[in-house]
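J.: So that we are looking at the same thing, I have put the structure below in C-alpha cells.
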Amino acid sequence: MTVPANIVIVGAGPAGMRAAETLVEAGLHPIVLDENARWGGQIYRQPPAGAGFRRGPRALYGFEARKAMALHATMARLRPQLDYRPHTLVWACETVADAERTGLAGTAHAALSPGDRHDGNKGYLATLRGTHEQAVPFTHLIIASGATDRILPMPGWTLPGVYTLGAAQTALKSQGCAIGRRIVFAGTGPLLYLVAYQYAKAGAQVLAVLDTNTMGAQAAALPKLSAQPAVLAKGLYYVGWLRMHGIPIERGVSLERVLGERRVEGVAWRPSADAPGLDTPVHMLECDAIGLGFGLRPETQLADIAGCRFRYDTLDRCWLPERDEAGRTSMPGIYVAGDGAGIAGADAAERSGRLAALALLDDVEPESSTASIASRVDSATSMRRALRRIARFREGVETAFPAPLERAASWPDTMIVCRCEEIDAGTIRRCVRSGAASEINRLKALTRIGMGRCQGRVCGEAALAILADESGLAPEALGRLRAQAPIKPIPLAAALCDEQVAEIPEDARDE
Amino acid sequence: MNSATTPYDVAIIGGGLVGSSTALALARHGMRVLLIERRYCGAQASGVNYGGVRCQGRPAEQLPLAMRARRVWDRLGERIGIDGEFIVSGHLRLARSDADLAGLHAYAQMAARYGLHLQLVSGAGFRRRYPWLGAAAVGGSLCATDGHANPRLVSPAFARAARQAGAHVCEQTPLDHADYDGKRFTLQAGENRFEADWLINAAGAWAGTLAERFGDTVPMKPIYPNMWVTEPLPQFLEHNLGVFGGGLYARQVERGNCIIGGGRGHGDGDYAQPSSETTRAVMRDACALLPALREALLIRTWSGVEGCTPDHNPIIGVSHKVPRLVHAFGFSGGGFLLAPGVGEVIADLVIDGATETPLDAFDVNRFSAVPA
C-alpha cells in the first residue's frame with residue numbers, strides 16, 4: 001500500500017482518540033492536534049498534570065468512569081505511535097483543491113516546507129502551539145472538533161457569575177472548583193441534570209434546577225429515548241438522586257432575568273402556567289452563580305474553512321457539514337466525526353471516530369488483503385448499527401429538551417445579544433424591520449452581530465432566533481453564518497516566531 | 001412581469017458603490033432610474049473593502065476625479081442619511097528608507113499641482129510626533145484631508161438613498177441578457193424585462209462579461225485583497241496609515257479595532273477567501289511598524305472580489321461601439337473613495353453629454369492593440 005504521509009486528526013476527545021487508535025492498528029502514524037493540555041476532550045477531560053487536588057475517575061466521571069479510563073489508557077498505549085501535539089489550536093486551513101480551482105495552484109503548496117511538498121498533500125492547517133505558529137500539511141484530515149454549549153440569552157446574562165453548563169463542568173473536572181457557593185442550574189437538556197448532580201455530589205450547594213421544558217415533553221420522548229435504555233436510566237437516576245437530596249427541580253419554567261448589579265445576585269423565573277396564556281407570578285431566587293445551557297452546538301468552523309459543503313439539519317437546528325454514513329465530507333480526503341459532525345454524544349463519537357478512520361483506510365488502500373477488508377466491513381457495520389440506535393435516542397433528546405427559541409419575541413430591546421460587539425436585541429430587530437436584512441450574514445454586516453471575538457459561536461443562535469421571529473422565515477431560509485479564520489482569536493506576536501513567512505509579492509503590494 | 005414596462009431613462013447593472021451612487025445622482029436629477037443587482041447592494045467589494053477614503057498616493061491621472069469625489073464625502077450625511085463612520089483622520093503614508101522619503105517628496109510636489117497638499121515629516125520631529133510608530137518607519141507624508149469610513153454601512157446606504165430618491169432598485173436579480181436594438185437597451189432578468197435609453201455597466205469584477213457582450217474587451221482579472229481585524233485596543237492609531245510602495249494599510253475605528261490589509265487572498269472569480277499565509281506576512285510587517293499590535297488578538301480575516309486592470313486605473317466613460325453605453329468598473333482596489341464622485345461624473349455624461357472631470361486615462365479602449 002502507498003502510505004499516506006500526513007494523516008492529521010484534529011481533536012483528542014472520544015472521536016479523535018478512537019480514530020487515532022484505528023489508524024495505528026492499521027500501521028499508520030497519524031498526527032493528533034488538540035487544543036487542550038491533555039487528551040480526553042470535554043467529557044473525559046483530565047485535570048492538569050500536577051493539579052493541586054486529587055479526584056479519582058469515579059468522582060470525575062461518575063458512571064462514565066470506566067469508559068474514560070479505557071480511553072485514557074488507549075491513548076497512553078498509542079502515544080509512541082502518534083505525533084501527539086497538545087496545546088495546539090488549528091486557526092485556519094488552506095487546501096490545494098481551493099488553490100487549483102482558483103487557478104492559483106501552488107499557493108497552498110508554496111507555504112509548505114520543501115520536505116512536505118509532495119503531490120499527496122491536500123493542504124495544510126495553520127496551527128498555533130503556545131506562541132509558535134506552524135503549518136501542518138495533510139494528505140488526509142479527520143475533523144473531530146466537538147461541541148460547545150448552545151446559549152440563549154436573558155436580561156442580565158452577561159453578568160459575572162453566569163457560566164455555561166460546559167464551563168461549570170470544566171471548572172469541576174479540570175480545576176476542582178465550583179462556579180459559586182449557592183448555585184442555580186438553568187436552561188434545558190440532559191447536561192442540565194448531569195452537571196447539577198455532579199456539583200451536588202461534589203459537595204456544592206445546588207439551590208435549584210430550572211428546566212424550560214415540561215415533564216410532558218419529556219414523557220412524550222420516552223419511546224425514542226428507550227432506544228438507549230442504559231443512557232435513559234442514567235438520566236432518570238440523576239433526576240431521582242437530585243430529588244432524593246431535596247434539590248428542587250422545576251419544569252416548564254420561563255427564565256425572566258438574571259438579578260444583580262455588578263454580579264449575579266439571583267434569578268427571576270416563572271413557574272409553568274396551568275393553561276396557556278395564563279400569567280404566573282415571578283419567583284426570585286437568590287444565588288451567586290448560574291450554570292446556563294440549552295443543549296449543545298457542533299463546532300463546525302474548521303470544516304467550513306476547509307471548504308466542506310454544508311446542509312441544514314432539522315434535528316440539530318443548524319448547518320452541518322455534508323457527510324456520508326462513514327463521515328466523508330464533500331472534500332476528498334476530509335472526514336468529520338463526533339459531535340462536531342452533528343450532536344450525538346460521547347458513545348456515538350467513539351464509534352464515528354472509528355468509522356471515519358475505517359473509511360479513510362478504505363480510501364487510501366482499496367487494494368489491501370481480503371481478510372483485512374472483511375474485518376473492516378464487519379467493524380463498520382456494527383458501528384453503523386450502533387449509531388442508528390443512538391440517532392433514534394437523539395431524536396428523543398431533542399423532543400424532550402427543545403431550546404425555547406420562541407422566547408426571542410419577549411427579549412427586551414435593551415438586552416445585549418452580542419456581548420463582544422455590545423449589540424442589543426433592539427438593534428437587530430430594527431435592522432430586520434427596516435427590510436435591510438433577511439439573511440444572517442447581511443444582518444452581521446449591518447449590525448456587527450457575530451463580528452467580535454466569538455465570531456457568533458455564543459450569540460449566533462440568539463441572533464437567528466430574533467431574525468426568525470421578526471422575518472417569519474423558516475430557520476433554513478435564514479442563511480448560514482460563514483466561518484472566517486481565525487477559528488479562535490490568535491495573538492499577532494505569533495507571526496513573529498516563524499522565519500518562513502514570505503514577503504508580500506511585488507504585484508500584490510496595494511496601498 | 002413578462003411584458004416590458006415603460007422604458008427607463010437609465011438602467012444600471014450592479015448595486016455596488018459605483019452603481020448605487022450613479023443611481024442616486026441620476027435620480028436626484030429627476031431621471032427614471034433602474035438599478036439591478038444580482039445579490040445584495042453593497043455586499044461585494046464595495047461593502048467588504050478596507051474603507052480608506054484617501055487621495056494621497058493616487059497617480060496623477062486619478063487626482064482630479066479623486067478631489068471631486070472627496071468633496072462628495074464631506075456631504076455624506078446629507079446624501080445618504082448616515083455618517084457611515086466617516087472620520088477625517090488624515091492619511092499618513094510612511095517611508096521605510098531614504099529612497100522612500102525621496103519618493104514621498106516627489107509625490108508631494110506633483111500632488112500640489114492638483115491642489116492636494118501634503119505635509120512631510122521625518123527625523124527627530126517625526127519620532128516625537130509619532131511615538132507609537134516602530135523604528136521601521138523613518139518618516140512620512142500626511143494628507144490631513146484624507147480619512148476612513150465603514151464600507152459595510154456606506155455602500156448599502158447609497159443604494160437605500162437611491163431608492164428613496166425614486167430609483168427602482170432590484171436586488172437578487174441577476175441579469176440574463178442585454179441587447180441594443182439600435183434605439184434602446186432591452187434587459188432580461190429572470191421573468192423581468194426592462195427597457196432603457198442608457199445602460200451603465202457598473203458590475204465590478206463581473207463587468208467584463210457585459211462589456212464584451214457589446215464588443216468592448218477589457219483585460220481585467222479578479223484580485224482578492226486580504227484584510228483582517230484585531231480585537232478593540234486603546235486608541236493609538238490616529239491616522240489612516242499606508243506605506244510607500246504598498247503592502248500594508250491600517251486604520252483604527254472608533255470602537256478600537258484595528259483594520260489592517262495588504263497582499264492577496266484567493267478565490268475563484270466569484271467568491272474570495274483570505275489567505276492565512278498572507279495574513280501572517282502582513283501581521284509580521286504590521287508589528288514592525290506598530291509595536292502596540294504585538295500583544296493584540298487577531299479576531300477575523302476576510303477578502304473580496306475586485307476587478308483589476310493592467311494599469312490599475314479604472315474604466316470610466318462611454319463605449320465607442322454602442323451609443324449611450326457607459327462603463328464604470330475595474331477600480332483595482334482603489335474605488336471606495338472614488339465611487340461617489342464617479343456617480344456624479346456619469347450623471348454629467350448622461351445629462352450633459354460631457355464632464356469637466358478628465359477621463360482620458362480611463363478610456364475603455366486603451367488596452368486594445370488597434371484603436372477602434
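Numbering starts fresh at 1 for the residues of each chain in the C-alpha cells, the chains themselves are lettered A, B, ... in the order given, and ligands are numbered from 1 as they appear.
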Taking only C-alpha atoms into account, which residues of chain B are within 8 Å of chain A, as JSON, numbers by chain?
T.: {"B": [43, 57, 152, 153, 231, 242, 243, 244, 245, 246, 247, 248, 249, 262, 263, 264, 266, 267, 268, 269, 275, 276, 277, 278, 280, 281, 282, 283, 284, 287, 293, 294, 295, 296, 297, 298, 299, 300, 301, 302, 333]}
J.: Using DSSP secondary structure from the backbone, list all strand (DSSP E) positions within stretch 145-328 of chain B, as a PyMOL selection string.
T.: chain B and resi 147-148+168-170+177-180+185-189+192-201+221-223+225-232+240-243+249-252+257-264+266-267+272-273+297-303+306-308+315-318+325-328
J.: If we count only C-alpha atoms, what is near B:Glu85 at a cut-off of 9 Å, once residues fewer than 6 positions away on the same chain are taken out, given as a PyMOL selection string?
T.: chain B and resi 148-151+153-154+253-254
J.: May I have the residues from that selection written out with N, CA and C atoms, as a short mmCIF file (atom, residue, chain, number, x, y, z; two decimals), in the first residue's frame?
T.:
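As a result, result_20.cif now contains:
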```cif
data_model
loop_
_atom_site.label_atom_id
_atom_site.label_comp_id
_atom_site.auth_asym_id
_atom_site.auth_seq_id
_atom_site.Cartn_x
_atom_site.Cartn_y
_atom_site.Cartn_z
N HIS B 148 -11.11 57.81 6.75
CA HIS B 148 -11.62 56.46 6.52
C HIS B 148 -13.08 56.37 6.94
N ALA B 149 -13.77 55.33 6.45
CA ALA B 149 -15.19 55.15 6.73
C ALA B 149 -15.51 53.66 6.73
N ASN B 150 -16.73 53.34 7.08
CA ASN B 150 -17.14 51.95 7.19
C ASN B 150 -17.91 51.51 5.93
N PRO B 151 -17.27 50.74 5.06
CA PRO B 151 -17.90 50.36 3.79
C PRO B 151 -19.16 49.52 3.97
N LEU B 153 -21.46 49.96 5.92
CA LEU B 153 -22.61 50.84 6.14
C LEU B 153 -22.80 51.79 4.97
N VAL B 154 -21.69 52.35 4.46
CA VAL B 154 -21.79 53.38 3.43
C VAL B 154 -22.41 52.82 2.14
N VAL B 253 -10.71 51.96 14.13
CA VAL B 253 -12.07 52.51 14.17
C VAL B 253 -12.38 53.01 15.58
N GLU B 254 -13.50 53.71 15.68
CA GLU B 254 -13.82 54.35 16.95
C GLU B 254 -13.96 53.33 18.09
#
```
J.: With distances taken over only C-alpha atoms, which of B:Ala111, B:Leu76, B:Val218, B:Leu237 is nearest to B:Leu337?
T.: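 Of B:Ala111, B:Leu76, B:Val218, B:Leu237, the one nearest B:Leu337, counting only C-alpha atoms, is B:Leu76.
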J.: In Å to one decimal, how far is atom CA of B:Thr173 from atom CA of B:Val345?
T.: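 Separating atom CA of B:Val345 from atom CA of B:Thr173 is a distance of 25.7 Å.
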J.: List as JSON, numbers by chain the protein and nucleic acid residues near B:Phe329, meaning an atom at most 8 Å away when only C-alpha atoms are counted, but skip any in the same chain fewer than 4 places from it.
T.: {"B": [18, 201, 202, 203, 204, 205, 207, 307, 314, 315, 316]}
J.: Any idea what's packed within 8 Å of A:Ala357, counting only C-alpha atoms, ignoring anything in its chain fewer than 3 positions away? Could you give it as a PyMOL selection string?
T.: chain A and resi 19-20+22-23+142+353-354+360-361
J.: How far is it from atom CA of A:Ala337 to atom CA of A:Arg323, in Å with one decimal?
T.: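 The value is 9.5 Å.
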J.: Given only C-alpha atoms as the basis, pick out the residue of B:Thr230, B:Ser46, B:Ser332, B:Asn313 nearest to B:Ala292.
T.: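 The answer is B:Thr230, which sits nearest to B:Ala292.
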J.: In Å, how far is it from atom CA of A:Arg351 to atom CA of A:Thr399?
T.: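 According to the coordinates, atom CA of A:Arg351 and atom CA of A:Thr399 are separated by 23.6 Å.
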